[in-house]
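Undergrad: Before anything else, here's the structure in question.
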Amino acid sequence: MNLNSKGQLNEENPVHVFWIRYPEGGMRKELTYIQRIFAYGIKAQVESADKYKLHFVSYRKQSLYLMRSPHDNKFH
């Protein structure tokens, strides 16, 4: 999740996608421009105040939902 300095979800870009390089000690590495635009990037649409519809740029048919849980008040 992409949080701002106050710990709140960034509404314009709620998900930050990156690589975790386990052979390199688990360091994070940003996606390249080509990976972000054509393969692994995520597009987000606001459905309601605490609900986002997400899909990979490479496959629009399958949607994922990011929403606030009523049990612990966190996004899942």
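Chain labels A, B, ... are given in the sequence in which chains occur in the structure tokens; within each chain residues are numbered consecutively from 1, and ligands are likewise numbered from 1 in the order shown.
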Give me the residues within 6 Å of Asn2 in chain A as a list in words, counting only C-alpha atoms and dropping any in the same chain fewer than 6 places off.

TA: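 So the residues in contact are Asn10, Pro14, Val15 and His16 of chain A.
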
Undergrad: For the residues in the current selection, export N, CA and C atoms as a tab-separated table (two decimals), in the first residue's frame.

TA:
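Output contents, as saved in selection_12.tsv:
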chain	number	residue	atom	x	y	z
A	10	ASN	N	-2.82	6.85	0.04
A	10	ASN	CA	-2.74	7.81	-1.05
A	10	ASN	C	-3.88	7.50	-2.01
A	14	PRO	N	-3.12	4.17	-4.71
A	14	PRO	CA	-3.19	3.44	-3.44
A	14	PRO	C	-2.23	2.26	-3.31
A	15	VAL	N	-1.71	1.74	-4.44
A	15	VAL	CA	-0.84	0.57	-4.38
A	15	VAL	C	0.49	0.91	-5.05
A	16	HIS	N	1.58	0.60	-4.36
A	16	HIS	CA	2.92	0.80	-4.89
A	16	HIS	C	3.52	-0.58	-5.19

Undergrad: Enumerate, as a list in words, the complete set of residues in chain A that a backbone-based DSSP assignment places in alpha helix (DSSP H).

TA: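 Result set for chain A (alpha helix (DSSP H)): Tyr33, Ile34, Gln35, Arg36, Ile37 and Phe38 of chain A.
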
Undergrad: As a ChimeraX atom specification, please: the residues near range 46-61 of chain A (cut-off 12 Å, only C-alpha atoms, same-chain neighbours under 6 positions excluded).

TA: /A:1,8-17,34-40,67-70,73-76

Undergrad: Kindly export the residues of the current selection with N, CA, C and O atoms, as an mmCIF file, in the first residue's frame.

TA:
data_model
loop_
_atom_site.group_PDB
_atom_site.id
_atom_site.type_symbol
_atom_site.label_atom_id
_atom_site.label_comp_id
_atom_site.auth_asym_id
_atom_site.auth_seq_id
_atom_site.Cartn_x
_atom_site.Cartn_y
_atom_site.Cartn_z
ATOM 1 N N MET A 1 0.842 -1.173 0.000
ATOM 2 C CA MET A 1 0.000 0.000 0.000
ATOM 3 C C MET A 1 0.882 1.229 0.000
ATOM 4 O O MET A 1 1.971 1.237 0.534
ATOM 5 N N GLN A 8 -1.935 7.746 5.996
ATOM 6 C CA GLN A 8 -3.206 7.539 5.313
ATOM 7 C C GLN A 8 -2.943 7.041 3.896
ATOM 8 O O GLN A 8 -1.899 7.320 3.315
ATOM 9 N N LEU A 9 -3.895 6.334 3.351
ATOM 10 C CA LEU A 9 -3.777 5.784 2.006
ATOM 11 C C LEU A 9 -3.761 6.904 0.970
ATOM 12 O O LEU A 9 -4.585 7.816 1.023
ATOM 13 N N ASN A 10 -2.817 6.848 0.039
ATOM 14 C CA ASN A 10 -2.740 7.810 -1.051
ATOM 15 C C ASN A 10 -3.885 7.505 -2.013
ATOM 16 O O ASN A 10 -3.900 6.456 -2.655
ATOM 17 N N GLU A 11 -4.842 8.405 -2.132
ATOM 18 C CA GLU A 11 -6.048 8.144 -2.922
ATOM 19 C C GLU A 11 -5.778 8.099 -4.419
ATOM 20 O O GLU A 11 -6.468 7.402 -5.148
ATOM 21 N N GLU A 12 -4.792 8.830 -4.919
ATOM 22 C CA GLU A 12 -4.502 8.836 -6.345
ATOM 23 C C GLU A 12 -3.774 7.565 -6.790
ATOM 24 O O GLU A 12 -3.965 7.091 -7.894
ATOM 25 N N ASN A 13 -2.927 7.035 -5.915
ATOM 26 C CA ASN A 13 -2.138 5.846 -6.234
ATOM 27 C C ASN A 13 -2.077 4.964 -4.984
ATOM 28 O O ASN A 13 -1.088 4.979 -4.266
ATOM 29 N N PRO A 14 -3.121 4.173 -4.709
ATOM 30 C CA PRO A 14 -3.189 3.441 -3.445
ATOM 31 C C PRO A 14 -2.233 2.258 -3.309
ATOM 32 O O PRO A 14 -1.950 1.822 -2.205
ATOM 33 N N VAL A 15 -1.712 1.742 -4.440
ATOM 34 C CA VAL A 15 -0.845 0.568 -4.383
ATOM 35 C C VAL A 15 0.493 0.905 -5.050
ATOM 36 O O VAL A 15 0.530 1.429 -6.163
ATOM 37 N N HIS A 16 1.581 0.597 -4.358
ATOM 38 C CA HIS A 16 2.924 0.800 -4.890
ATOM 39 C C HIS A 16 3.520 -0.576 -5.189
ATOM 40 O O HIS A 16 3.726 -1.371 -4.280
ATOM 41 N N VAL A 17 3.765 -0.853 -6.471
ATOM 42 C CA VAL A 17 4.268 -2.156 -6.888
ATOM 43 C C VAL A 17 5.783 -2.072 -7.047
ATOM 44 O O VAL A 17 6.297 -1.122 -7.628
ATOM 45 N N ILE A 34 8.875 0.086 -18.659
ATOM 46 C CA ILE A 34 8.203 -0.919 -19.497
ATOM 47 C C ILE A 34 7.398 -1.882 -18.630
ATOM 48 O O ILE A 34 6.252 -2.214 -18.959
ATOM 49 N N GLN A 35 7.960 -2.351 -17.525
ATOM 50 C CA GLN A 35 7.249 -3.260 -16.626
ATOM 51 C C GLN A 35 6.016 -2.583 -16.037
ATOM 52 O O GLN A 35 4.951 -3.196 -15.936
ATOM 53 N N ARG A 36 6.147 -1.332 -15.641
ATOM 54 C CA ARG A 36 5.043 -0.610 -15.007
ATOM 55 C C ARG A 36 3.922 -0.305 -16.001
ATOM 56 O O ARG A 36 2.748 -0.428 -15.676
ATOM 57 N N ILE A 37 4.254 0.046 -17.237
ATOM 58 C CA ILE A 37 3.248 0.453 -18.221
ATOM 59 C C ILE A 37 2.600 -0.729 -18.943
ATOM 60 O O ILE A 37 1.409 -0.707 -19.237
ATOM 61 N N PHE A 38 3.360 -1.810 -19.205
ATOM 62 C CA PHE A 38 2.835 -2.902 -20.030
ATOM 63 C C PHE A 38 2.618 -4.228 -19.310
ATOM 64 O O PHE A 38 1.958 -5.106 -19.853
ATOM 65 N N ALA A 39 3.144 -4.428 -18.112
ATOM 66 C CA ALA A 39 3.076 -5.767 -17.525
ATOM 67 C C ALA A 39 2.554 -5.783 -16.094
ATOM 68 O O ALA A 39 1.474 -6.298 -15.834
ATOM 69 N N TYR A 40 3.316 -5.252 -15.154
ATOM 70 C CA TYR A 40 3.024 -5.458 -13.735
ATOM 71 C C TYR A 40 2.430 -4.260 -13.022
ATOM 72 O O TYR A 40 2.135 -4.326 -11.836
ATOM 73 N N MET A 67 -10.103 -2.718 0.158
ATOM 74 C CA MET A 67 -11.131 -2.052 0.956
ATOM 75 C C MET A 67 -10.810 -2.131 2.438
ATOM 76 O O MET A 67 -10.057 -2.988 2.878
ATOM 77 N N ARG A 68 -11.392 -1.203 3.158
ATOM 78 C CA ARG A 68 -11.194 -1.146 4.610
ATOM 79 C C ARG A 68 -12.037 -2.226 5.280
ATOM 80 O O ARG A 68 -13.219 -2.372 5.002
ATOM 81 N N SER A 69 -11.420 -2.966 6.177
ATOM 82 C CA SER A 69 -12.096 -4.036 6.894
ATOM 83 C C SER A 69 -12.879 -3.454 8.081
ATOM 84 O O SER A 69 -12.351 -2.635 8.824
ATOM 85 N N PRO A 70 -14.100 -3.918 8.292
ATOM 86 C CA PRO A 70 -14.840 -3.444 9.463
ATOM 87 C C PRO A 70 -14.318 -4.036 10.774
ATOM 88 O O PRO A 70 -14.565 -3.509 11.837
ATOM 89 N N ASN A 73 -10.342 -2.138 10.859
ATOM 90 C CA ASN A 73 -10.267 -0.784 10.287
ATOM 91 C C ASN A 73 -9.005 -0.561 9.447
ATOM 92 O O ASN A 73 -8.537 0.550 9.326
ATOM 93 N N LYS A 74 -8.443 -1.628 8.874
ATOM 94 C CA LYS A 74 -7.278 -1.544 8.010
ATOM 95 C C LYS A 74 -7.670 -1.967 6.600
ATOM 96 O O LYS A 74 -8.646 -2.671 6.408
ATOM 97 N N PHE A 75 -6.872 -1.532 5.624
ATOM 98 C CA PHE A 75 -7.130 -1.921 4.250
ATOM 99 C C PHE A 75 -6.588 -3.317 3.978
ATOM 100 O O PHE A 75 -5.500 -3.664 4.392
ATOM 101 N N HIS A 76 -7.394 -4.117 3.264
ATOM 102 C CA HIS A 76 -7.002 -5.485 2.870
ATOM 103 C C HIS A 76 -7.418 -5.683 1.434
ATOM 104 O O HIS A 76 -8.317 -5.076 0.945
#

Undergrad: Which is closest to Ala44 in chain A among A:Met27, A:Leu64, A:Leu3, A:Thr32, if we use only C-alpha atoms?

TA: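 Nearest candidate to Ala44 in chain A out of A:Met27, A:Leu64, A:Leu3, A:Thr32: A:Leu64.
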
Undergrad: Can you work out which one of A:Lys43, A:Asn4, A:Leu31, A:Leu66 has the shortest atom-to-atom distance to Trp19 in chain A, counting only C-alpha atoms?

TA: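 Distance minimum relative to Trp19 in chain A lands on A:Leu31.
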